Amino acid sequence: MPERRVIVAGGGIGGLVTALALHQRGIEAVVLEQSTRLEAVGAGIQISPNACHVLDRLGLLDALRSHAFEPRSIDITDGRRDRLLISVPLTPVAAPLRSALPERSSR
Ligand SMILES: Cc1cc2nc3c(=O)[nH]c(=O)nc-3n(C[C@H](O)[C@H](O)[C@H](O)COP(=O)(O)OP(=O)(O)OC[C@H]3O[C@@H](n4cnc5c(N)ncnc54)[C@H](O)[C@@H]3O)c2cc1C
């Protein structure tokens, strides 16, 4: 069987996750990054539920939780007046929606 070896161009989140996923499936992957150092850039990153599922499957979610917090809402503010315009709760919506429906209208 031919040896499988993958070169991943770029050590951003995409490249690192790809390399890790390949390694976990027994495929050697080498990340080639043009920058001289891999380091965090920016203030932080909001990770979507889909991305959390991927990180969980890779066994990273618990380790990341200690560096993270879960926002309770997305607030849009009028910066000049420091006034809250709208607040969108980030609580799970399925249960409240279902319970708002009349009985027997959802099965
Ligand atoms: C200000 C800002 C805020 C953001 N906030 C969020 C957020 O909250 N949540 C979210 O999900 N996303 C956010 N994003 C988007 C997110 O950062 C990107 O989608 C994500 O980083 C893309 O990852 P990537 O690995 O595909 O690309 P990059 O992170 O761009 O990584 C590509 C890497 O490849 C390297 N490279 C390029 N060409 C070569 C080459 N020829 N050879 C070797 N190396 C090479 C580059 O140096 C780089 O390190 C934000 C983006 C910005 C700009």
# chains A, B, ... in the order shown; residues from 1 in each chain; ligands from 1

$ closest_atom_pairs --of "chain A" --to "ligand 1" --cutoff "8 Å" --atoms "only C-alpha atoms and all ligand atoms" --output "tab-separated table"
residue	atom	partner	partner_atom_place_in_ligand_line	distance
A:Ala9	CA	ligand 1	43 (C)	4.8
A:Gly10	CA	ligand 1	34 (O)	3.1
A:Gly11	CA	ligand 1	49 (O)	4.8
A:Gly12	CA	ligand 1	31 (O)	3.4
A:Ile13	CA	ligand 1	25 (O)	4.0
A:Gly14	CA	ligand 1	25 (O)	3.4
A:Gly15	CA	ligand 1	25 (O)	5.2
A:Leu16	CA	ligand 1	25 (O)	7.3
A:Leu32	CA	ligand 1	43 (C)	5.3
A:Glu33	CA	ligand 1	44 (N)	3.8
A:Gln34	CA	ligand 1	44 (N)	4.0
A:Ser35	CA	ligand 1	47 (O)	5.3
A:Leu38	CA	ligand 1	49 (O)	7.4
A:Gly42	CA	ligand 1	1 (C)	6.9
A:Gly44	CA	ligand 1	8 (O)	6.7
A:Ile45	CA	ligand 1	8 (O)	3.7
A:Gln46	CA	ligand 1	8 (O)	3.6
A:Ile47	CA	ligand 1	11 (O)	5.1
A:Ser48	CA	ligand 1	11 (O)	6.2
A:Ala51	CA	ligand 1	11 (O)	7.7

$ write_last_selection --atoms "N, CA and C atoms" --output "compact mmCIF listing (two decimals), in the first residue's frame"
# COMPACT_ATOMS: atom_id res chain seq x y z
N ALA A 9 -0.79 23.43 3.23
CA ALA A 9 -0.20 24.76 3.05
C ALA A 9 -0.95 25.75 3.93
N GLY A 10 -0.29 26.25 4.97
CA GLY A 10 -0.88 27.27 5.83
C GLY A 10 -1.25 26.71 7.19
N GLY A 11 -0.77 27.39 8.22
CA GLY A 11 -1.02 26.94 9.60
C GLY A 11 -2.03 27.80 10.32
N GLY A 12 -3.08 28.23 9.60
CA GLY A 12 -4.21 28.89 10.27
C GLY A 12 -5.09 27.83 10.91
N ILE A 13 -6.26 28.24 11.37
CA ILE A 13 -7.17 27.28 12.00
C ILE A 13 -7.49 26.14 11.02
N GLY A 14 -7.74 26.51 9.75
CA GLY A 14 -8.10 25.49 8.76
C GLY A 14 -7.00 24.47 8.57
N GLY A 15 -5.78 24.94 8.42
CA GLY A 15 -4.66 24.04 8.20
C GLY A 15 -4.36 23.16 9.41
N LEU A 16 -4.41 23.77 10.60
CA LEU A 16 -4.09 22.99 11.80
C LEU A 16 -5.16 21.94 12.08
N LEU A 32 2.95 23.40 6.42
CA LEU A 32 3.98 24.35 6.02
C LEU A 32 3.40 25.75 6.13
N GLU A 33 3.95 26.54 7.01
CA GLU A 33 3.44 27.89 7.25
C GLU A 33 4.50 28.89 6.79
N GLN A 34 4.05 29.90 6.04
CA GLN A 34 5.00 30.88 5.52
C GLN A 34 5.53 31.82 6.61
N SER A 35 4.70 32.09 7.64
CA SER A 35 5.17 32.96 8.72
C SER A 35 6.23 32.23 9.54
N LEU A 38 3.94 30.60 14.60
CA LEU A 38 2.49 30.44 14.72
C LEU A 38 2.08 31.14 16.01
N GLY A 42 -5.25 38.93 16.90
CA GLY A 42 -6.58 39.46 17.19
C GLY A 42 -6.96 39.26 18.64
N GLY A 44 -9.80 37.70 19.82
CA GLY A 44 -10.51 36.48 20.18
C GLY A 44 -11.31 36.01 18.99
N ILE A 45 -11.96 34.90 19.14
CA ILE A 45 -12.74 34.36 18.03
C ILE A 45 -14.03 33.76 18.58
N GLN A 46 -15.09 34.03 17.86
CA GLN A 46 -16.38 33.45 18.23
C GLN A 46 -16.52 32.15 17.45
N ILE A 47 -16.77 31.07 18.16
CA ILE A 47 -16.82 29.77 17.49
C ILE A 47 -18.27 29.32 17.37
N SER A 48 -18.68 29.03 16.14
CA SER A 48 -20.08 28.67 15.87
C SER A 48 -20.36 27.26 16.40
N ALA A 51 -18.70 24.57 14.30
CA ALA A 51 -17.26 24.45 14.55
C ALA A 51 -17.01 23.77 15.90

$ residues_around --residues "region 65-71 of chain A" --least-positions-apart "5" --cutoff "9 Å" --atoms "only C-alpha atoms" --output "ChimeraX atom specification"
/A:60,89-90

$ select_by_dssp --residues "chain A" --states "alpha helix (DSSP H)" --output "MDAnalysis selection string"
chainID A and resid 13:24 49:57 61:65 94:100

$ select_by_dssp --residues "chain A" --states "strand (DSSP E)" --output "PyMOL selection string"
chain A and resi 5-9+28-32+73-78+83-89

$ write_last_selection --atoms "C-alpha atoms" --output "compact mmCIF listing (two decimals), in the first residue's frame"
# COMPACT_ATOMS: atom_id res chain seq x y z
CA ARG A 5 1.48 11.78 3.33
CA VAL A 6 -0.25 15.12 3.05
CA ILE A 7 1.29 18.57 2.85
CA VAL A 8 -0.99 21.25 4.29
CA ALA A 9 -0.20 24.76 3.05
CA GLU A 28 0.80 11.80 8.22
CA ALA A 29 0.33 15.51 7.59
CA VAL A 30 2.95 18.21 7.55
CA VAL A 31 1.90 21.85 7.94
CA LEU A 32 3.98 24.35 6.02
CA SER A 73 -26.85 37.30 24.08
CA ILE A 74 -25.71 39.28 21.06
CA ASP A 75 -26.25 42.95 21.89
CA ILE A 76 -26.29 45.62 19.22
CA THR A 77 -25.58 49.00 20.71
CA ASP A 78 -25.69 52.56 19.44
CA ARG A 83 -27.76 52.74 24.10
CA LEU A 84 -28.84 49.13 23.63
CA LEU A 85 -30.75 48.78 20.34
CA ILE A 86 -31.49 45.06 20.33
CA SER A 87 -30.50 42.03 22.33
CA VAL A 88 -30.75 38.57 20.78
CA PRO A 89 -30.66 35.82 23.39

$ atom_distance --atom1 "CA of Ala21 (chain A)" --atom2 "CA of Arg57 (chain A)"
9.1 Å

$ closest_residue --among "A:Leu58, A:Ala43, A:Cys52, A:Leu97" --to "Ala19 (chain A)" --atoms "only C-alpha atoms"
A:Leu58

$ decode --residues "region 53-79 of chain A" --atoms "N, CA and C atoms" --output "CSV table (one decimal), in the first residue's frame"
chain,number,residue,atom,x,y,z
A,53,HIS,N,-18.8,21.4,17.2
A,53,HIS,CA,-19.0,20.0,17.0
A,53,HIS,C,-17.7,19.4,16.4
A,54,VAL,N,-17.1,20.1,15.5
A,54,VAL,CA,-15.8,19.6,14.8
A,54,VAL,C,-14.7,19.5,15.9
A,55,LEU,N,-14.6,20.6,16.7
A,55,LEU,CA,-13.6,20.6,17.7
A,55,LEU,C,-13.8,19.5,18.8
A,56,ASP,N,-15.1,19.3,19.1
A,56,ASP,CA,-15.4,18.2,20.0
A,56,ASP,C,-15.0,16.9,19.4
A,57,ARG,N,-15.3,16.6,18.2
A,57,ARG,CA,-14.9,15.3,17.5
A,57,ARG,C,-13.4,15.2,17.5
A,58,LEU,N,-12.7,16.3,17.5
A,58,LEU,CA,-11.2,16.2,17.5
A,58,LEU,C,-10.6,16.1,18.9
A,59,GLY,N,-11.5,16.2,19.9
A,59,GLY,CA,-11.1,16.0,21.3
A,59,GLY,C,-10.5,17.3,21.9
A,60,LEU,N,-10.9,18.5,21.3
A,60,LEU,CA,-10.3,19.7,21.7
A,60,LEU,C,-11.2,20.6,22.6
A,61,LEU,N,-12.5,20.3,22.5
A,61,LEU,CA,-13.5,21.2,23.1
A,61,LEU,C,-13.2,21.5,24.6
A,62,ASP,N,-13.0,20.4,25.3
A,62,ASP,CA,-12.8,20.6,26.8
A,62,ASP,C,-11.6,21.5,27.1
A,63,ALA,N,-10.5,21.3,26.4
A,63,ALA,CA,-9.3,22.1,26.6
A,63,ALA,C,-9.6,23.5,26.3
A,64,LEU,N,-10.4,23.8,25.2
A,64,LEU,CA,-10.7,25.2,24.8
A,64,LEU,C,-11.7,25.9,25.8
A,65,ARG,N,-12.5,25.1,26.4
A,65,ARG,CA,-13.5,25.7,27.3
A,65,ARG,C,-12.9,26.5,28.4
A,66,SER,N,-11.7,26.1,28.9
A,66,SER,CA,-11.0,26.8,30.0
A,66,SER,C,-10.6,28.2,29.5
A,67,HIS,N,-10.5,28.4,28.2
A,67,HIS,CA,-10.1,29.7,27.7
A,67,HIS,C,-11.3,30.5,27.2
A,68,ALA,N,-12.5,30.0,27.3
A,68,ALA,CA,-13.6,30.6,26.6
A,68,ALA,C,-14.7,31.0,27.6
A,69,PHE,N,-15.7,31.8,27.1
A,69,PHE,CA,-16.9,32.0,27.9
A,69,PHE,C,-18.1,31.9,26.9
A,70,GLU,N,-19.2,31.6,27.4
A,70,GLU,CA,-20.4,31.5,26.6
A,70,GLU,C,-21.2,32.7,26.7
A,71,PRO,N,-21.3,33.6,25.7
A,71,PRO,CA,-22.2,34.8,25.8
A,71,PRO,C,-23.6,34.4,25.9
A,72,ARG,N,-24.4,35.2,26.7
A,72,ARG,CA,-25.8,34.9,26.9
A,72,ARG,C,-26.7,35.6,25.8
A,73,SER,N,-26.1,36.6,25.1
A,73,SER,CA,-26.9,37.3,24.1
A,73,SER,C,-25.9,38.0,23.1
A,74,ILE,N,-26.4,38.4,22.0
A,74,ILE,CA,-25.7,39.3,21.1
A,74,ILE,C,-26.4,40.6,21.2
A,75,ASP,N,-25.7,41.6,21.7
A,75,ASP,CA,-26.2,42.9,21.9
A,75,ASP,C,-25.7,43.9,20.8
A,76,ILE,N,-26.7,44.6,20.2
A,76,ILE,CA,-26.3,45.6,19.2
A,76,ILE,C,-26.6,47.0,19.9
A,77,THR,N,-25.5,47.8,19.9
A,77,THR,CA,-25.6,49.0,20.7
A,77,THR,C,-25.3,50.2,19.8
A,78,ASP,N,-26.0,51.3,20.1
A,78,ASP,CA,-25.7,52.6,19.4
A,78,ASP,C,-24.5,53.1,20.2
A,79,GLY,N,-23.3,53.0,19.5
A,79,GLY,CA,-22.1,53.3,20.2
A,79,GLY,C,-22.0,54.8,20.6
